[in-house]
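Structure file protein_4.cif (mmCIF, C-alpha atoms (C1' of nucleotides)) is printed below.
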```
data_entry
#
loop_
_atom_site.label_atom_id
_atom_site.label_comp_id
_atom_site.auth_asym_id
_atom_site.auth_seq_id
_atom_site.Cartn_x
_atom_site.Cartn_y
_atom_site.Cartn_z
CA MET A 1 133.74 102.07 99.12
CA GLU A 2 133.17 102.91 95.54
CA GLU A 3 130.18 105.06 94.76
CA THR A 4 127.54 103.22 92.82
CA TYR A 5 125.78 104.48 89.78
CA PHE A 6 122.78 104.99 91.98
CA GLN A 7 124.34 107.10 94.61
CA HIS A 8 125.93 109.09 91.87
CA TYR A 9 122.70 109.42 89.98
CA PHE A 10 120.64 110.40 92.99
CA LYS A 11 123.18 112.94 94.06
CA SER A 12 122.91 114.69 90.74
CA LEU A 13 119.20 115.32 91.26
CA PRO A 14 117.99 118.56 92.84
CA GLU A 15 117.47 118.59 96.59
CA THR A 16 114.03 118.90 98.11
CA ARG A 17 113.52 119.92 101.71
CA VAL A 18 110.73 118.27 103.64
CA LYS A 19 109.43 119.33 107.03
CA LYS A 20 108.81 116.79 109.76
CA GLY A 21 105.31 115.47 109.33
CA GLU A 22 105.04 116.45 105.71
CA ILE A 23 103.29 113.82 103.60
CA LEU A 24 104.95 112.86 100.32
CA LEU A 25 102.61 110.08 99.30
CA SER A 26 99.10 109.19 100.44
CA ALA A 27 97.25 105.90 100.10
CA GLY A 28 95.15 106.13 96.98
CA ASP A 29 97.61 108.29 95.05
CA ILE A 30 99.02 107.12 91.78
CA SER A 31 102.69 107.96 91.65
CA SER A 32 105.94 107.03 89.97
CA LYS A 33 108.18 108.71 92.49
CA VAL A 34 111.00 107.16 94.40
CA TYR A 35 112.55 109.08 97.27
CA TYR A 36 116.22 108.95 98.08
CA VAL A 37 116.93 110.27 101.57
CA GLN A 38 120.04 112.37 101.75
CA GLU A 39 119.47 113.68 105.24
CA GLY A 40 116.84 113.00 107.87
CA CYS A 41 114.37 110.14 107.90
CA LEU A 42 111.20 109.18 106.08
CA ARG A 43 108.83 106.32 106.79
CA SER A 44 106.14 104.41 104.92
CA TYR A 45 103.06 103.08 106.65
CA LEU A 46 99.55 101.91 106.07
CA ILE A 47 96.31 102.52 107.88
CA ASP A 48 94.28 99.37 108.33
CA ASP A 49 90.52 98.88 108.37
CA ASN A 50 90.41 99.67 112.07
CA GLY A 51 92.19 102.95 111.50
CA LYS A 52 95.45 101.69 112.97
CA GLU A 53 98.80 102.73 111.60
CA HIS A 54 101.44 100.10 110.79
CA ILE A 55 104.91 101.15 109.77
CA TYR A 56 106.34 99.19 106.89
CA GLN A 57 109.70 100.89 106.53
CA PHE A 58 111.99 103.56 107.91
CA ALA A 59 114.32 105.30 105.47
CA PRO A 60 117.18 107.18 107.12
CA GLU A 61 120.14 108.64 105.22
CA ASP A 62 121.11 106.88 101.99
CA TRP A 63 117.96 104.77 101.88
CA VAL A 64 115.37 104.72 99.17
CA ILE A 65 111.67 104.60 99.83
CA SER A 66 108.53 104.31 97.69
CA ASP A 67 105.42 102.26 97.30
CA GLU A 68 107.05 99.86 94.88
CA GLU A 69 104.05 97.72 94.31
CA ALA A 70 101.80 100.64 93.41
CA LEU A 71 104.55 102.08 91.28
CA LEU A 72 105.22 98.94 89.30
CA GLN A 73 101.61 98.24 88.61
CA GLN A 74 100.62 101.87 88.30
CA LYS A 75 97.81 101.45 90.74
CA PRO A 76 96.73 103.45 93.79
CA ALA A 77 99.22 103.40 96.63
CA LEU A 78 98.53 101.38 99.75
CA LEU A 79 101.16 103.19 101.74
CA PHE A 80 101.62 106.67 103.07
CA ILE A 81 105.09 108.20 103.08
CA ASP A 82 105.97 111.07 105.35
CA ALA A 83 108.91 112.67 107.11
CA VAL A 84 109.84 111.52 110.60
CA GLU A 85 112.38 114.36 110.84
CA ASP A 86 113.07 117.45 108.79
CA SER A 87 114.77 115.88 105.80
CA VAL A 88 116.50 116.50 102.51
CA VAL A 89 115.44 114.15 99.74
CA LYS A 90 116.01 113.57 96.05
CA ILE A 91 112.97 112.70 94.01
CA LEU A 92 113.33 110.24 91.16
CA ASN A 93 110.62 109.69 88.64
CA ARG A 94 110.96 106.00 87.97
CA PRO A 95 109.29 104.36 85.01
CA ALA A 96 107.14 101.39 85.97
CA ASN A 97 108.81 99.28 83.36
CA LEU A 98 112.57 99.38 83.36
CA LYS A 99 112.67 97.80 79.94
CA GLU A 100 111.23 100.93 78.43
CA ASP A 101 113.89 102.96 80.08
CA ASN A 102 116.79 101.34 78.29
CA VAL A 103 118.60 100.43 81.44
CA ASP A 104 122.16 99.38 80.74
CA PRO A 105 123.31 95.99 82.02
CA GLU A 106 125.63 97.42 84.64
CA THR A 107 122.76 99.41 86.12
CA ALA A 108 120.40 96.49 85.97
CA LEU A 109 122.87 94.49 88.04
CA GLN A 110 123.14 97.27 90.57
CA ILE A 111 119.40 97.46 90.86
CA LEU A 112 119.38 93.72 91.27
CA ASP A 113 121.90 93.98 94.04
CA LYS A 114 119.67 96.45 95.86
CA PHE A 115 116.70 94.17 95.46
CA GLU A 116 118.58 91.24 96.84
CA LYS A 117 119.45 93.23 99.93
CA LYS A 118 115.87 94.30 100.26
CA VAL A 119 114.62 90.75 99.99
CA ASN A 120 117.02 89.74 102.73
CA SER A 121 115.84 92.43 105.06
CA LEU A 122 112.19 91.62 104.43
CA ARG A 123 112.97 88.01 105.05
CA SER A 124 114.52 88.59 108.41
CA ARG A 125 111.58 90.70 109.39
CA ILE A 126 109.15 87.92 108.49
CA ILE A 127 111.21 85.37 110.32
CA GLN A 128 111.22 87.54 113.39
CA LEU A 129 107.50 88.19 113.25
CA LEU A 130 106.96 84.44 113.02
CA SER A 131 109.37 83.31 115.67
CA ALA A 132 110.33 86.04 118.13
CA SER A 133 108.59 87.67 121.08
CA ALA A 134 108.00 91.39 121.27
CA GLU A 135 110.99 91.71 123.56
CA GLU A 136 113.28 89.82 121.24
CA ARG A 137 112.15 91.84 118.25
CA TYR A 138 112.81 95.06 120.08
CA SER A 139 116.28 93.93 121.13
CA VAL A 140 117.15 93.02 117.57
CA PHE A 141 115.88 96.39 116.38
CA VAL A 142 118.08 98.18 118.90
CA LYS A 143 121.09 96.22 117.73
CA THR A 144 120.32 96.65 114.06
CA TYR A 145 119.36 100.33 114.02
CA PRO A 146 120.92 101.77 117.17
CA ASN A 147 120.79 105.30 115.91
CA LEU A 148 117.13 105.19 114.94
CA ILE A 149 116.24 104.52 118.56
CA GLN A 150 117.33 108.03 119.38
CA ARG A 151 115.62 109.65 116.44
CA VAL A 152 112.28 107.93 116.07
CA PRO A 153 109.44 108.19 118.60
CA GLN A 154 108.89 104.99 120.53
CA LYS A 155 105.36 104.63 119.30
CA MET A 156 106.64 104.40 115.75
CA ILE A 157 109.12 101.74 116.69
CA ALA A 158 106.29 99.87 118.38
CA SER A 159 104.26 100.15 115.20
CA TYR A 160 107.16 98.83 113.13
CA LEU A 161 107.56 95.89 115.52
CA GLY A 162 103.87 95.07 115.41
CA ILE A 163 103.03 95.90 119.02
CA THR A 164 101.30 98.77 120.85
CA PRO A 165 103.24 101.67 122.35
CA GLU A 166 102.07 100.55 125.80
CA SER A 167 103.50 97.09 125.23
CA LEU A 168 106.79 98.51 124.05
CA SER A 169 106.98 100.64 127.14
CA ARG A 170 106.49 97.57 129.30
CA VAL A 171 109.00 95.57 127.29
CA ARG A 172 111.60 98.28 127.82
CA LYS A 173 110.94 98.34 131.53
CA GLU A 174 111.33 94.58 131.62
CA ILE A 175 114.67 94.81 129.86
CA LEU A 176 115.88 97.49 132.28
CA ASN A 177 114.88 95.35 135.26
CA LYS A 178 116.95 92.48 133.94
CA LYS A 179 120.12 94.55 133.79
CA MET B 1 101.78 83.91 78.01
CA GLU B 2 105.23 84.01 76.52
CA GLU B 3 107.81 81.76 78.06
CA THR B 4 110.57 83.66 79.83
CA TYR B 5 114.24 82.99 79.51
CA PHE B 6 114.06 81.47 82.96
CA GLN B 7 111.36 79.00 82.34
CA HIS B 8 113.15 78.05 79.17
CA TYR B 9 116.48 77.77 80.93
CA PHE B 10 115.16 75.76 83.84
CA LYS B 11 113.35 73.40 81.54
CA SER B 12 116.57 72.57 79.76
CA LEU B 13 118.14 71.28 82.97
CA PRO B 14 117.93 67.60 83.91
CA GLU B 15 115.03 66.53 86.10
CA THR B 16 115.56 65.33 89.63
CA ARG B 17 112.93 63.35 91.48
CA VAL B 18 112.46 64.03 95.17
CA LYS B 19 110.43 61.96 97.59
CA LYS B 20 108.05 63.57 100.03
CA GLY B 21 109.99 64.45 103.17
CA GLU B 22 113.34 64.38 101.42
CA ILE B 23 115.63 67.18 102.59
CA LEU B 24 117.42 69.18 99.89
CA LEU B 25 119.08 71.74 102.12
CA SER B 26 119.78 71.78 105.84
CA ALA B 27 120.50 74.75 108.09
CA GLY B 28 124.27 75.05 108.35
CA ASP B 29 124.95 73.83 104.82
CA ILE B 30 126.82 75.99 102.38
CA SER B 31 125.16 75.77 99.01
CA SER B 32 124.80 77.57 95.70
CA LYS B 33 121.77 75.66 94.58
CA VAL B 34 118.48 77.05 93.48
CA TYR B 35 115.54 74.70 93.02
CA TYR B 36 112.96 75.16 90.32
CA VAL B 37 109.85 73.12 91.02
CA GLN B 38 108.43 71.51 87.93
CA GLU B 39 105.96 69.27 89.69
CA GLY B 40 104.97 68.87 93.33
CA CYS B 41 105.78 71.21 96.16
CA LEU B 42 108.80 72.14 98.23
CA ARG B 43 108.99 74.33 101.33
CA SER B 44 111.65 76.23 103.21
CA TYR B 45 111.57 76.60 106.97
CA LEU B 46 113.70 77.36 109.97
CA ILE B 47 113.91 75.82 113.39
CA ASP B 48 114.09 78.42 116.12
CA ASP B 49 115.92 78.33 119.45
CA ASN B 50 112.97 76.59 121.08
CA GLY B 51 113.02 73.87 118.47
CA LYS B 52 109.93 75.17 116.72
CA GLU B 53 109.50 75.03 112.98
CA HIS B 54 108.45 78.14 111.05
CA ILE B 55 107.69 77.90 107.35
CA TYR B 56 109.11 80.73 105.31
CA GLN B 57 107.95 79.68 101.87
CA PHE B 58 106.02 77.14 99.88
CA ALA B 59 107.14 76.45 96.33
CA PRO B 60 104.57 74.65 94.20
CA GLU B 61 104.89 74.20 90.42
CA ASP B 62 106.85 76.84 88.54
CA TRP B 63 108.24 78.42 91.70
CA VAL B 64 111.85 78.80 92.64
CA ILE B 65 113.18 78.18 96.11
CA SER B 66 116.54 78.54 97.84
CA ASP B 67 118.15 80.14 100.84
CA GLU B 68 119.01 83.30 98.92
CA GLU B 69 120.72 85.04 101.75
CA ALA B 70 123.05 82.17 102.46
CA LEU B 71 123.65 81.73 98.77
CA LEU B 72 124.53 85.34 98.09
CA GLN B 73 126.86 85.67 101.00
CA GLN B 74 128.16 82.13 100.74
CA LYS B 75 127.47 81.50 104.37
CA PRO B 76 125.75 78.64 106.21
CA ALA B 77 122.05 78.33 105.45
CA LEU B 78 119.48 79.34 108.01
CA LEU B 79 116.72 77.48 106.25
CA PHE B 80 115.89 73.89 105.59
CA ILE B 81 114.32 72.95 102.28
CA ASP B 82 112.38 69.74 101.86
CA ALA B 83 109.62 68.20 99.78
CA VAL B 84 106.01 68.52 100.91
CA GLU B 85 104.96 66.13 98.16
CA ASP B 86 106.78 63.82 95.80
CA SER B 87 108.22 66.34 93.37
CA VAL B 88 110.20 66.85 90.22
CA VAL B 89 112.75 69.65 90.43
CA LYS B 90 115.48 71.25 88.36
CA ILE B 91 118.63 72.16 90.21
CA LEU B 92 120.47 75.29 89.20
CA ASN B 93 123.92 76.09 90.46
CA ARG B 94 123.72 79.81 90.78
CA PRO B 95 126.83 81.94 91.18
CA ALA B 96 126.68 84.22 94.21
CA ASN B 97 127.63 87.16 92.10
CA LEU B 98 125.71 87.59 88.91
CA LYS B 99 128.29 90.00 87.58
CA GLU B 100 130.76 87.20 87.27
CA ASP B 101 128.29 85.26 85.27
CA ASN B 102 128.06 87.70 82.39
CA VAL B 103 124.34 87.97 82.55
CA ASP B 104 122.91 89.62 79.46
CA PRO B 105 120.70 92.67 79.93
CA GLU B 106 117.52 90.94 78.91
CA THR B 107 118.09 88.26 81.51
CA ALA B 108 119.02 90.79 84.16
CA LEU B 109 115.71 92.51 83.60
CA GLN B 110 113.86 89.24 83.87
CA ILE B 111 115.62 88.45 87.10
CA LEU B 112 114.72 91.91 88.27
CA ASP B 113 111.13 91.32 87.42
CA LYS B 114 111.12 88.15 89.52
CA PHE B 115 112.68 90.00 92.41
CA GLU B 116 110.09 92.71 92.24
CA LYS B 117 107.34 90.16 92.45
CA LYS B 118 109.08 88.51 95.35
CA VAL B 119 109.45 91.79 97.19
CA ASN B 120 105.73 92.40 96.71
CA SER B 121 104.78 89.06 98.12
CA LEU B 122 107.08 89.46 101.11
CA ARG B 123 105.62 92.87 101.67
CA SER B 124 102.08 91.70 101.79
CA ARG B 125 103.06 88.97 104.21
CA ILE B 126 104.68 91.50 106.54
CA ILE B 127 101.69 93.78 106.32
CA GLN B 128 99.41 90.91 107.19
CA LEU B 129 101.53 89.77 110.09
CA LEU B 130 101.47 93.33 111.39
CA SER B 131 97.83 94.06 110.91
CA ALA B 132 95.65 90.99 110.54
CA SER B 133 94.27 88.42 112.97
CA ALA B 134 94.93 84.71 112.60
CA GLU B 135 91.52 84.29 111.04
CA GLU B 136 92.05 87.04 108.50
CA ARG B 137 95.47 85.71 107.56
CA TYR B 138 94.03 82.26 107.01
CA SER B 139 91.22 83.60 104.86
CA VAL B 140 93.68 85.49 102.71
CA PHE B 141 95.82 82.39 102.36
CA VAL B 142 92.83 80.36 101.20
CA LYS B 143 92.01 82.98 98.61
CA THR B 144 95.58 83.40 97.45
CA TYR B 145 96.63 79.76 97.30
CA PRO B 146 93.38 77.81 97.07
CA ASN B 147 95.01 74.73 95.67
CA LEU B 148 97.68 74.55 98.36
CA ILE B 149 94.97 74.13 100.96
CA GLN B 150 94.23 70.71 99.53
CA ARG B 151 97.84 69.66 99.20
CA VAL B 152 99.60 70.90 102.30
CA PRO B 153 98.94 69.56 105.83
CA GLN B 154 97.11 72.07 108.01
CA LYS B 155 99.90 72.18 110.52
CA MET B 156 102.23 73.51 107.83
CA ILE B 157 99.78 76.19 106.87
CA ALA B 158 99.51 77.12 110.53
CA SER B 159 103.28 77.37 110.70
CA TYR B 160 103.35 79.59 107.62
CA LEU B 161 100.69 81.84 109.15
CA GLY B 162 102.54 82.09 112.45
CA ILE B 163 100.02 80.24 114.61
CA THR B 164 99.76 76.78 116.18
CA PRO B 165 97.94 73.89 114.51
CA GLU B 166 95.44 73.93 117.36
CA SER B 167 94.65 77.57 116.75
CA LEU B 168 94.22 77.02 113.05
CA SER B 169 91.81 74.21 113.76
CA ARG B 170 89.76 76.55 115.95
CA VAL B 171 89.90 79.32 113.39
CA ARG B 172 88.57 76.99 110.73
CA LYS B 173 85.76 75.85 113.00
CA GLU B 174 84.93 79.50 113.66
CA ILE B 175 84.77 80.23 109.94
CA LEU B 176 82.50 77.24 109.34
CA ASN B 177 80.16 78.36 112.11
CA LYS B 178 79.79 81.72 110.48
CA LYS B 179 78.66 80.27 107.20
"C1'" DT C 1 109.55 131.15 129.59
"C1'" DT C 2 104.83 129.57 129.69
"C1'" DT C 3 101.35 126.90 127.73
"C1'" DA C 4 99.61 123.42 124.75
"C1'" DT C 5 100.31 119.09 122.58
"C1'" DT C 6 102.25 114.88 122.01
"C1'" DT C 7 104.54 110.98 123.87
"C1'" DC C 8 105.55 107.84 127.50
"C1'" DT C 9 104.48 105.30 131.60
"C1'" DT C 10 101.74 102.68 134.74
"C1'" DA C 11 97.77 100.20 136.63
"C1'" DC C 12 93.95 97.33 135.91
"C1'" DC C 13 91.40 94.40 133.17
"C1'" DA C 14 90.29 91.95 128.56
"C1'" DT C 15 91.36 88.97 124.78
"C1'" DA C 16 93.66 86.31 121.19
"C1'" DC C 17 96.34 82.84 120.84
"C1'" DA C 18 99.46 79.19 123.14
"C1'" DT C 19 100.11 75.09 125.80
"C1'" DC C 20 99.04 70.54 127.42
"C1'" DA C 21 96.65 66.44 127.24
"C1'" DA C 22 93.23 63.29 125.67
"C1'" DT C 23 90.52 61.60 121.73
"C1'" DT C 24 89.25 61.05 117.01
"C1'" DT C 25 90.26 61.05 112.23
"C1'" DT C 26 93.20 60.54 108.44
"C1'" DT C 27 97.17 58.91 106.18
"C1'" DC C 28 100.84 55.79 105.60
"C1'" DC C 29 102.84 51.54 104.74
"C1'" DG C 30 103.98 46.53 105.62
"C1'" DC D 1 93.51 45.07 104.34
"C1'" DG D 2 94.90 46.29 108.97
"C1'" DG D 3 97.82 48.23 112.31
"C1'" DA D 4 100.85 52.11 113.28
"C1'" DA D 5 101.94 56.72 112.80
"C1'" DA D 6 100.77 61.35 111.84
"C1'" DA D 7 97.44 64.93 111.72
"C1'" DA D 8 93.41 67.17 113.31
"C1'" DT D 9 90.06 68.21 116.86
"C1'" DT D 10 88.50 69.51 121.37
"C1'" DG D 11 88.53 70.97 126.26
"C1'" DA D 12 90.76 73.10 130.12
"C1'" DT D 13 93.88 76.40 131.38
"C1'" DG D 14 97.99 79.68 130.88
"C1'" DT D 15 100.33 83.80 129.08
"C1'" DA D 16 101.78 87.54 126.10
"C1'" DT D 17 100.10 91.26 124.44
"C1'" DG D 18 96.07 94.52 123.79
"C1'" DG D 19 92.65 98.10 125.43
"C1'" DT D 20 91.41 101.84 128.39
"C1'" DA D 21 92.27 105.50 131.27
"C1'" DA D 22 94.86 108.62 134.00
"C1'" DG D 23 98.88 110.97 135.16
"C1'" DA D 24 103.92 112.22 134.25
"C1'" DA D 25 107.33 113.61 131.12
"C1'" DA D 26 109.00 115.43 127.05
"C1'" DT D 27 108.55 118.24 123.07
"C1'" DA D 28 106.69 121.86 120.39
"C1'" DA D 29 104.44 126.17 119.95
"C1'" DA D 30 103.25 130.67 121.30
#
```
Would you mind writing the structure in this file as structure tokens?
Amino acid sequence: MEETYFQHYFKSLPETRVKKGEILLSAGDISSKVYYVQEGCLRSYLIDDNGKEHIYQFAPEDWVISDEEALLQQKPALLFIDAVEDSVVKILNRPANLKEDNVDPETALQILDKFEKKVNSLRSRIIQLLSASAEERYSVFVKTYPNLIQRVPQKMIASYLGITPESLSRVRKEILNKK
Amino acid sequence: MEETYFQHYFKSLPETRVKKGEILLSAGDISSKVYYVQEGCLRSYLIDDNGKEHIYQFAPEDWVISDEEALLQQKPALLFIDAVEDSVVKILNRPANLKEDNVDPETALQILDKFEKKVNSLRSRIIQLLSASAEERYSVFVKTYPNLIQRVPQKMIASYLGITPESLSRVRKEILNKK
DNA sequence: TTTATTTCTTACCATACATCAATTTTTCCG
DNA sequence: CGGAAAAATTGATGTATGGTAAGAAATAAA
């Protein structure tokens, strides 16, 4: 597959090494940074009013992660971003307003393409949260991101799926029993 | 506020009147149509394996609705789209690939802007589904779309929130009791 | 390696929300 | 308007998932 302008652009940026657990963005920060993951895995999550963590996104190799909403509106971040594994990332300082950055049409279309993919993935997550049981959601996750299962602690997967680690443990047992 | 290229463009298209309940898109259809709602309200929803309806989106005035994923990949739609009220819509035949449509940079950026807003709204829905109770989700809905509350049957709002109509009825009673 | 820390599992009980069914209220339409 | 259909409410009960706590297993640190 042809390398996009993005991949090319990100690759030209200097590498930054991040240790597992290292926090790149905290809720409340104001930031214009976008992280491109070259190696390893980052995640974004929020902490709700009851102090519970909810994972919004995982970003393994070749994914991009940020708090887009905070970035676009230049307001305090809602999300935390940290490293799930030791990782190598590229940090892009993105302007909130692309218009001011003189983006060429070709690039705009590529960005658009990325956004469309993102919208699709968010959509399927919403649809699943609305219509599927914990067990079904887990099964879909396993199918969709088989390699993350090995790399990400179960409790984080539970958090991403919207259930407790205990429930996920029981769900997994259930699935094993069926086989 | 200045009128965007989009609003301008959509307005130039011929009007189509749709009766309440009329179906514009059915799951399984292949379509390249995007609906701009000038008056009234449309919705998109899916029917799951148990025959249950789940509303993905409401589109009142000045919103756009389609099955983007199906459109982009030119595959059968997952969603149904129908009219919640008698409505007036503009129908746009959107090419799956914008590149082939020679979109000018200004327009690309406007599309991008729309996508960013969409991503933000999907995000907050996911975050709510992950972290908020039925009652909290309903309260947020009331605040966010106060005028839809009057126009859309409760059972549809329940479906959008991911709960049953019975539960929503109880939630509302609960809220009234508190006041 | 040994020890400390985190993660995972399991059991028991609690709770939010679902289901089913009957009734009332609202909306639709001839 | 008046009857039929759809939507909303309510009560009784079921179920998926949550909470708590304790121990086992895995991982990290010393």
Name the residues that the PyMOL selection byres ((chain A) within 10 of (chain D)) picks from the file above, as a ChimeraX atom specification, using the file's chain letters and numbers.
/A:133-134,163-164,166-168
I need the chain C residues near chain A as a PyMOL selection string; criterion: at most 10 Å, counting only C-alpha atoms (C1' of nucleotides).
chain C and resi 7-10
Find the residues in chain B near chain A: any atom within 7 Å counts, using only C-alpha atoms. Write them as a VMD selection string.
chain B and resid 48 54 69 104 to 105 108 to 109 112 115 119 to 120 122 126 129 to 131 162
Suppose a student applies the PyMOL selection byres ((chain A and resi 34) around 9) to this structure; what residues should they get, written as a list in words?
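What the PyMOL selection byres ((chain A and resi 34) around 9) grabs from the file is Ser31, Ser32, Lys33, Tyr35, Tyr36, Val64, Ile65, Ser66, Asp67, Glu68, Leu71, Lys90, Ile91, Leu92, Asn93 and Arg94 of chain A.
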Output the selection as a PDB file, in the coordinates of the input - C-alpha atoms for each residue.
```
ATOM      1  CA  SER A  31     102.690 107.960  91.650  1.00  0.00           C
ATOM      2  CA  SER A  32     105.940 107.030  89.970  1.00  0.00           C
ATOM      3  CA  LYS A  33     108.180 108.710  92.490  1.00  0.00           C
ATOM      4  CA  TYR A  35     112.550 109.080  97.270  1.00  0.00           C
ATOM      5  CA  TYR A  36     116.220 108.950  98.080  1.00  0.00           C
ATOM      6  CA  VAL A  64     115.370 104.720  99.170  1.00  0.00           C
ATOM      7  CA  ILE A  65     111.670 104.600  99.830  1.00  0.00           C
ATOM      8  CA  SER A  66     108.530 104.310  97.690  1.00  0.00           C
ATOM      9  CA  ASP A  67     105.420 102.260  97.300  1.00  0.00           C
ATOM     10  CA  GLU A  68     107.050  99.860  94.880  1.00  0.00           C
ATOM     11  CA  LEU A  71     104.550 102.080  91.280  1.00  0.00           C
ATOM     12  CA  LYS A  90     116.010 113.570  96.050  1.00  0.00           C
ATOM     13  CA  ILE A  91     112.970 112.700  94.010  1.00  0.00           C
ATOM     14  CA  LEU A  92     113.330 110.240  91.160  1.00  0.00           C
ATOM     15  CA  ASN A  93     110.620 109.690  88.640  1.00  0.00           C
ATOM     16  CA  ARG A  94     110.960 106.000  87.970  1.00  0.00           C
TER      17      ARG A  94
END
```
Check which residues satisfy the PyMOL selection byres ((chain A and resi 85) around 9) in the file shown, then give them as an mmCIF file with C-alpha atoms, keeping the file's coordinate frame.
```
data_model
loop_
_atom_site.group_PDB
_atom_site.id
_atom_site.type_symbol
_atom_site.label_atom_id
_atom_site.label_comp_id
_atom_site.auth_asym_id
_atom_site.auth_seq_id
_atom_site.Cartn_x
_atom_site.Cartn_y
_atom_site.Cartn_z
ATOM 1 C CA VAL A 18 110.730 118.270 103.640
ATOM 2 C CA LYS A 19 109.430 119.330 107.030
ATOM 3 C CA LYS A 20 108.810 116.790 109.760
ATOM 4 C CA GLY A 21 105.310 115.470 109.330
ATOM 5 C CA GLY A 40 116.840 113.000 107.870
ATOM 6 C CA CYS A 41 114.370 110.140 107.900
ATOM 7 C CA LEU A 42 111.200 109.180 106.080
ATOM 8 C CA ALA A 83 108.910 112.670 107.110
ATOM 9 C CA VAL A 84 109.840 111.520 110.600
ATOM 10 C CA ASP A 86 113.070 117.450 108.790
ATOM 11 C CA SER A 87 114.770 115.880 105.800
ATOM 12 C CA ARG A 151 115.620 109.650 116.440
ATOM 13 C CA VAL A 152 112.280 107.930 116.070
#
```
Take atom CA of A:Leu25 and atom CA of A:Ala77 and report the distance between them in Å, one decimal.
8.0 Å
Interatomic distance (Å, one decimal) between atom CA of A:Leu78 and atom CA of A:Phe58
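Those two atoms sit 15.9 Å apart.
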Could you work out how far atom CA of B:Ser44 lies from atom CA of B:Thr4, giving the answer in Å with one decimal?
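Straight-line distance from atom CA of B:Thr4 to atom CA of B:Ser44 works out to 24.6 Å.
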